[in-house]
$ cat model_33.tsv   # TSV, C-alpha atoms (C1' of nucleotides)
chain	number	residue	atom	x	y	z
B	16	MET	CA	131.66	99.60	74.10
B	17	ASP	CA	134.89	101.45	74.84
B	18	GLY	CA	136.25	102.25	78.29
B	19	PHE	CA	134.92	105.81	78.37
B	20	THR	CA	131.41	104.73	77.45
B	21	ALA	CA	131.56	101.92	79.98
B	22	LEU	CA	132.28	104.48	82.69
B	23	ALA	CA	129.57	106.88	81.55
B	24	ASP	CA	126.79	105.04	83.39
B	25	PRO	CA	126.39	105.80	87.13
B	26	THR	CA	125.50	102.20	88.01
B	27	ARG	CA	128.61	100.95	86.27
B	28	ARG	CA	130.75	103.45	88.14
B	29	GLN	CA	129.24	102.22	91.40
B	30	ILE	CA	130.17	98.69	90.38
B	31	VAL	CA	133.75	99.88	89.90
B	32	GLU	CA	133.69	101.43	93.37
B	33	LEU	CA	132.33	98.21	94.79
B	34	LEU	CA	134.98	96.09	93.10
B	35	SER	CA	137.71	98.36	94.38
B	36	THR	CA	137.22	96.68	97.76
B	37	GLY	CA	137.97	93.30	96.18
B	38	GLU	CA	136.64	90.80	93.65
B	39	LYS	CA	132.98	89.73	93.88
B	40	ASP	CA	130.67	87.32	92.08
B	41	ALA	CA	127.77	88.57	89.96
B	42	GLY	CA	125.13	87.75	92.56
B	43	THR	CA	126.91	89.66	95.31
B	44	ILE	CA	127.32	92.64	93.03
B	45	ALA	CA	123.64	92.55	92.06
B	46	SER	CA	122.59	92.44	95.73
B	47	HIS	CA	123.96	95.96	96.15
B	48	PHE	CA	121.64	97.48	93.56
B	49	PRO	CA	117.86	97.99	93.27
B	50	ILE	CA	117.72	96.73	89.69
B	51	SER	CA	117.32	93.21	88.31
B	52	LYS	CA	120.09	90.66	87.91
B	53	PRO	CA	119.89	90.62	84.11
B	54	ALA	CA	120.41	94.38	84.12
B	55	ILE	CA	123.53	93.98	86.27
B	56	SER	CA	124.70	91.13	84.07
B	57	ARG	CA	124.53	93.42	81.08
B	58	HIS	CA	126.40	96.21	82.89
B	59	LEU	CA	129.12	93.72	83.75
B	60	ALA	CA	129.34	92.65	80.11
B	61	ASN	CA	129.70	96.30	79.10
B	62	LEU	CA	132.43	96.91	81.66
B	63	ARG	CA	134.18	93.81	80.41
B	64	GLU	CA	133.94	94.83	76.78
B	65	GLY	CA	135.34	98.23	77.74
B	66	GLY	CA	138.30	96.56	79.43
B	67	ILE	CA	137.40	97.91	82.86
B	68	VAL	CA	136.74	94.59	84.60
B	69	GLN	CA	137.71	90.97	84.06
B	70	MET	CA	135.87	87.74	84.85
B	71	ARG	CA	137.01	84.43	86.27
B	72	PRO	CA	134.61	81.46	86.41
B	73	ASP	CA	134.42	79.59	89.70
B	74	ALA	CA	131.93	76.68	89.43
B	75	GLN	CA	128.52	78.29	88.77
B	76	ARG	CA	129.83	81.63	89.97
B	77	ARG	CA	131.41	84.31	87.83
B	78	VAL	CA	133.88	86.30	89.83
B	79	TYR	CA	134.50	89.86	88.65
B	80	SER	CA	137.44	92.09	89.48
B	81	LEU	CA	138.84	95.44	88.35
B	82	ARG	CA	141.21	95.47	85.43
B	83	THR	CA	143.80	98.07	86.41
B	84	GLU	CA	145.22	98.30	82.91
B	85	GLY	CA	141.87	99.32	81.43
B	86	LEU	CA	141.37	102.02	84.01
B	87	ARG	CA	144.91	103.25	83.45
B	88	ASP	CA	144.35	103.56	79.70
B	89	VAL	CA	141.45	105.92	80.29
B	90	GLU	CA	143.41	107.82	82.91
B	91	THR	CA	146.36	108.17	80.54
B	92	TRP	CA	144.18	109.67	77.84
B	93	LEU	CA	142.80	112.19	80.31
B	94	HIS	CA	146.18	113.08	81.71
B	95	ARG	CA	147.46	113.84	78.25
B	96	TYR	CA	144.89	116.59	77.74
B	97	ARG	CA	144.48	117.67	81.33
B	98	SER	CA	147.99	118.79	82.04
B	99	THR	CA	148.49	122.54	81.91
B	100	TRP	CA	151.16	124.25	79.85
B	101	SER	CA	153.30	124.89	82.90
B	102	GLU	CA	153.25	121.18	83.65
B	103	LYS	CA	154.17	120.36	80.07
B	104	LEU	CA	157.06	122.84	80.30
B	105	ASP	CA	158.23	121.07	83.45
B	106	VAL	CA	158.33	117.80	81.54
B	107	LEU	CA	160.20	119.49	78.68
B	108	GLU	CA	162.67	121.01	81.07
B	109	THR	CA	163.34	117.63	82.66
B	110	ALA	CA	163.89	116.11	79.22
B	111	LEU	CA	166.33	118.85	78.25
B	112	GLU	CA	168.11	118.45	81.56
B	113	GLU	CA	168.59	114.76	80.81
B	114	MET	CA	169.99	115.50	77.36
B	115	LYS	CA	172.79	117.59	78.83
M	13	MET	CA	125.40	115.62	81.53
M	14	ASP	CA	128.30	114.73	83.84
M	15	GLY	CA	131.97	114.75	82.91
M	16	PHE	CA	132.18	111.02	82.25
M	17	THR	CA	129.17	111.05	79.93
M	18	ALA	CA	130.52	114.12	78.16
M	19	LEU	CA	133.72	112.21	77.38
M	20	ALA	CA	131.90	109.06	76.25
M	21	ASP	CA	131.27	110.36	72.74
M	22	PRO	CA	134.15	110.04	70.21
M	23	THR	CA	133.40	113.38	68.55
M	24	ARG	CA	133.49	115.13	71.91
M	25	ARG	CA	136.83	113.51	72.72
M	26	GLN	CA	138.18	114.74	69.39
M	27	ILE	CA	137.02	118.22	70.33
M	28	VAL	CA	139.01	117.91	73.56
M	29	GLU	CA	142.08	116.86	71.56
M	30	LEU	CA	141.59	119.81	69.23
M	31	LEU	CA	141.24	122.27	72.09
M	32	SER	CA	144.40	120.94	73.70
M	33	THR	CA	146.31	122.88	71.03
M	34	GLY	CA	144.65	126.10	72.16
M	35	GLU	CA	141.29	127.85	72.40
M	36	LYS	CA	139.08	127.99	69.30
M	37	ASP	CA	135.74	129.49	68.31
M	38	ALA	CA	132.74	127.29	67.51
M	39	GLY	CA	133.03	127.74	63.75
M	40	THR	CA	136.68	126.72	63.67
M	41	ILE	CA	135.91	123.66	65.75
M	42	ALA	CA	133.01	122.70	63.47
M	43	SER	CA	135.23	123.02	60.37
M	44	HIS	CA	137.26	120.04	61.59
M	45	PHE	CA	134.30	117.65	61.57
M	46	PRO	CA	132.06	116.21	58.87
M	47	ILE	CA	128.86	116.90	60.80
M	48	SER	CA	126.66	119.99	60.93
M	49	LYS	CA	127.29	123.08	63.02
M	50	PRO	CA	124.22	122.57	65.18
M	51	ALA	CA	125.49	119.09	66.04
M	52	ILE	CA	128.84	120.54	67.11
M	53	SER	CA	127.06	123.28	69.03
M	54	ARG	CA	125.21	120.64	71.01
M	55	HIS	CA	128.41	118.68	71.68
M	56	LEU	CA	130.01	121.87	72.99
M	57	ALA	CA	127.03	122.47	75.26
M	58	ASN	CA	127.37	118.93	76.59
M	59	LEU	CA	131.08	119.35	77.24
M	60	ARG	CA	130.34	122.62	78.98
M	61	GLU	CA	127.62	121.11	81.14
M	62	GLY	CA	130.04	118.33	82.08
M	63	GLY	CA	132.62	120.88	83.15
M	64	ILE	CA	135.13	119.79	80.49
M	65	VAL	CA	135.26	123.05	78.52
M	66	GLN	CA	134.48	126.70	79.16
M	67	MET	CA	133.23	129.45	76.87
M	68	ARG	CA	134.15	133.10	76.47
M	69	PRO	CA	132.12	135.37	74.17
M	70	ASP	CA	134.09	137.56	71.76
M	71	ALA	CA	131.72	139.68	69.65
M	72	GLN	CA	129.65	137.20	67.60
M	73	ARG	CA	132.16	134.45	68.27
M	74	ARG	CA	132.10	132.01	71.16
M	75	VAL	CA	135.58	130.97	72.08
M	76	TYR	CA	135.93	127.56	73.71
M	77	SER	CA	138.83	126.23	75.76
M	78	LEU	CA	139.59	123.24	77.94
M	79	ARG	CA	138.68	123.40	81.60
M	80	THR	CA	141.59	121.67	83.30
M	81	GLU	CA	139.75	121.37	86.59
M	82	GLY	CA	136.93	119.36	85.03
M	83	LEU	CA	139.33	116.96	83.37
M	84	ARG	CA	141.25	116.61	86.61
M	85	ASP	CA	138.07	115.72	88.53
M	86	VAL	CA	137.45	112.79	86.19
M	87	GLU	CA	141.09	111.78	86.33
M	88	THR	CA	141.05	111.89	90.12
M	89	TRP	CA	138.05	109.57	90.27
M	90	LEU	CA	139.79	107.11	88.00
M	91	HIS	CA	143.05	107.27	89.87
M	92	ARG	CA	141.27	106.46	93.09
M	93	TYR	CA	140.06	103.12	91.78
M	94	ARG	CA	142.89	102.38	89.40
M	95	SER	CA	145.76	102.31	91.80
M	96	THR	CA	146.90	98.85	92.75
M	97	TRP	CA	147.29	97.64	96.28
M	98	SER	CA	151.07	97.88	96.11
M	99	GLU	CA	150.75	101.54	95.14
M	100	LYS	CA	148.35	102.12	98.01
M	101	LEU	CA	150.82	100.44	100.36
M	102	ASP	CA	153.52	102.77	99.06
M	103	VAL	CA	151.35	105.74	99.96
M	104	LEU	CA	150.68	104.26	103.39
M	105	GLU	CA	154.37	103.62	103.93
M	106	THR	CA	155.19	107.20	103.02
M	107	ALA	CA	152.55	108.44	105.45
M	108	LEU	CA	153.92	106.27	108.25
M	109	GLU	CA	157.41	107.44	107.44
M	110	GLU	CA	156.29	111.03	107.84
M	111	MET	CA	154.71	110.30	111.20
M	112	LYS	CA	158.00	109.16	112.59
Y	19	DG	C1'	118.52	150.53	60.49
Y	20	DC	C1'	119.69	146.56	57.25
Y	21	DG	C1'	122.19	143.04	55.53
Y	22	DT	C1'	125.72	139.76	56.95
Y	23	DT	C1'	128.13	136.74	59.99
Y	24	DA	C1'	128.30	133.45	63.92
Y	25	DA	C1'	126.10	130.53	66.61
Y	26	DT	C1'	122.25	128.46	69.15
Y	27	DT	C1'	117.50	126.63	69.72
Y	28	DA	C1'	113.46	124.02	67.80
Y	29	DA	C1'	111.33	120.19	65.72
Y	30	DC	C1'	111.74	115.76	64.34
Y	31	DG	C1'	113.45	110.97	62.88
Y	32	DA	C1'	116.73	107.05	63.42
Y	33	DT	C1'	119.46	104.52	66.56
Y	34	DT	C1'	121.16	103.17	71.01
Y	35	DT	C1'	120.73	102.43	75.83
Y	36	DT	C1'	118.59	100.70	79.98
Y	37	DG	C1'	115.33	98.44	82.24
Y	38	DT	C1'	111.76	94.36	82.70
Y	39	DT	C1'	110.20	89.44	82.54
Y	40	DA	C1'	110.70	84.87	80.43
Y	41	DA	C1'	113.57	81.30	78.68
Y	42	DG	C1'	118.05	78.97	78.22
Y	43	DT	C1'	122.75	77.39	79.83
Y	44	DT	C1'	126.12	75.38	82.89
Y	45	DA	C1'	127.71	73.34	87.13
Y	46	DT	C1'	126.58	71.23	91.71
Y	47	DT	C1'	124.33	68.11	94.74
Y	48	DG	C1'	121.34	64.79	96.88
H	5	DC	C1'	119.86	61.89	86.75
H	6	DA	C1'	116.43	65.20	88.56
H	7	DA	C1'	116.29	69.35	91.17
H	8	DT	C1'	118.53	73.52	92.32
H	9	DA	C1'	121.56	77.51	91.99
H	10	DA	C1'	123.95	81.15	89.53
H	11	DC	C1'	124.08	83.63	85.51
H	12	DT	C1'	123.33	84.97	80.83
H	13	DT	C1'	120.64	85.56	76.58
H	14	DA	C1'	116.21	86.80	74.26
H	15	DA	C1'	112.43	89.71	73.38
H	16	DC	C1'	110.53	93.87	74.00
H	17	DA	C1'	109.01	98.72	75.87
H	18	DA	C1'	110.45	103.35	77.47
H	19	DA	C1'	113.77	106.86	77.44
H	20	DA	C1'	117.91	109.08	75.94
H	21	DT	C1'	121.27	110.32	72.28
H	22	DC	C1'	122.80	112.07	67.91
H	23	DG	C1'	122.16	113.69	63.59
H	24	DT	C1'	119.47	116.75	60.05
H	25	DT	C1'	117.18	121.07	58.35
H	26	DA	C1'	114.62	125.27	59.48
H	27	DA	C1'	113.93	129.13	62.43
H	28	DT	C1'	115.80	132.45	65.94
H	29	DT	C1'	119.00	135.30	68.45
H	30	DA	C1'	122.96	138.44	68.88
H	31	DA	C1'	126.64	141.40	67.25
H	32	DC	C1'	129.11	143.89	63.54
H	33	DG	C1'	129.84	147.14	59.80
H	34	DC	C1'	128.32	150.05	56.08
$ encode --input "model_33.tsv" --output "structure tokens"
Amino acid sequence: MDGFTALADPTRRQIVELLSTGEKDAGTIASHFPISKPAISRHLANLREGGIVQMRPDAQRRVYSLRTEGLRDVETWLHRYRSTWSEKLDVLETALEEMK
Amino acid sequence: MDGFTALADPTRRQIVELLSTGEKDAGTIASHFPISKPAISRHLANLREGGIVQMRPDAQRRVYSLRTEGLRDVETWLHRYRSTWSEKLDVLETALEEMK
DNA sequence: GCGTTAATTAACGATTTTGTTAAGTTATTG
DNA sequence: CAATAACTTAACAAAATCGTTAATTAACGC
């Protein structure tokens, strides 16, 4: 599962929001949702496969945290196609300015 | 279908890439892919529902183009959770600086 | 109006996703 | 080392997604 697909599910996006306040173990994450632990476990695996979160074992616990790089990759893709022509011209202008 | 889900499919992302070079009608878009026209038509409907593209009728043709605002909404969500603490502190510092 | 062109909607099958409960794994603790 | 705690993996049902072909709608152009 790629990063975009990982972020397509609303529950997984809520997990991202939750982790933005700091790392949390699987049980704590699950306690915030009305679905079963195995379901959350799978969502976490998907987020991990998509490069959106990372996991660190701590005794029996598995501590999850956001993976900034993964989120940035998705953001970079978007930015590339989001920017308007005027913005692209600005970038071009800056580049030309630097060449002089 | 929301914006994130619309962007989860690889074909739909390729359509976004294609439209980044300028608006195109449905037939032209379909000619770039190995799948049927109805399949492309559905992908376009999904992208439209997700606010990623917009459509303008031109006689029998339907001309599609990127909707920058929709892409920016997704990007904004990502940016909110992507930024690292040091970046957030930079923003805070700037804000404090302005208050002085 | 009639045939043609451009595209969407309908009907349907194959595959994937998302959830559930039950069973298995790994580490801690008395 | 037996019992417990924290998760994940397995097996499976329900729902959604994605593709195909056939039928339908809408707009030209003679």
$ closest_atom_pairs --input "model_33.tsv" --of "chain M" --to "segment 24-30 of chain H" --cutoff "9 Å" --atoms "all atoms listed in the file" --output "CSV"
residue,atom,partner,partner_atom,distance
M:Ser48,CA,H:DT24,C1',7.9
M:Ala51,CA,H:DT24,C1',8.8
M:Ala71,CA,H:DA30,C1',8.9
M:Gln72,CA,H:DA30,C1',6.9
$ interface_residues --input "model_33.tsv" --of "chain M" --to "chain Y" --cutoff "10 Å" --atoms "only C-alpha atoms (C1' of nucleotides)" --output "PDB file with C-alpha atoms, in the coordinates of the input"
ATOM      1  CA  ASP M  37     135.740 129.490  68.310  1.00  0.00           C
ATOM      2  CA  ALA M  38     132.740 127.290  67.510  1.00  0.00           C
ATOM      3  CA  GLY M  39     133.030 127.740  63.750  1.00  0.00           C
ATOM      4  CA  LYS M  49     127.290 123.080  63.020  1.00  0.00           C
ATOM      5  CA  PRO M  50     124.220 122.570  65.180  1.00  0.00           C
ATOM      6  CA  SER M  53     127.060 123.280  69.030  1.00  0.00           C
ATOM      7  CA  ARG M  54     125.210 120.640  71.010  1.00  0.00           C
ATOM      8  CA  ALA M  57     127.030 122.470  75.260  1.00  0.00           C
ATOM      9  CA  ALA M  71     131.720 139.680  69.650  1.00  0.00           C
ATOM     10  CA  GLN M  72     129.650 137.200  67.600  1.00  0.00           C
ATOM     11  CA  ARG M  73     132.160 134.450  68.270  1.00  0.00           C
ATOM     12  CA  ARG M  74     132.100 132.010  71.160  1.00  0.00           C
TER      13      ARG M  74
END
$ interface_residues --input "model_33.tsv" --of "chain B" --to "chain M" --cutoff "12 Å" --atoms "all atoms listed in the file" --output "PyMOL selection string"
chain B and resi 16-25+27-37+65+67-68+80-100+102-103
$ atom_distance --input "model_33.tsv" --atom1 "atom CA of Pro49 of chain B" --atom2 "atom CA of Asp73 of chain B"
25.0 Å
$ interface_residues --input "model_33.tsv" --of "chain H" --to "chain B" --cutoff "9 Å" --atoms "only C-alpha atoms (C1' of nucleotides)" --output "PyMOL selection string"
chain H and resi 9-12
$ atom_distance --input "model_33.tsv" --atom1 "atom CA of Glu35 of chain M" --atom2 "atom CA of Gln66 of chain M"
9.7 Å
$ atom_distance --input "model_33.tsv" --atom1 "atom CA of Gly63 of chain M" --atom2 "atom CA of Val75 of chain M"
15.3 Å
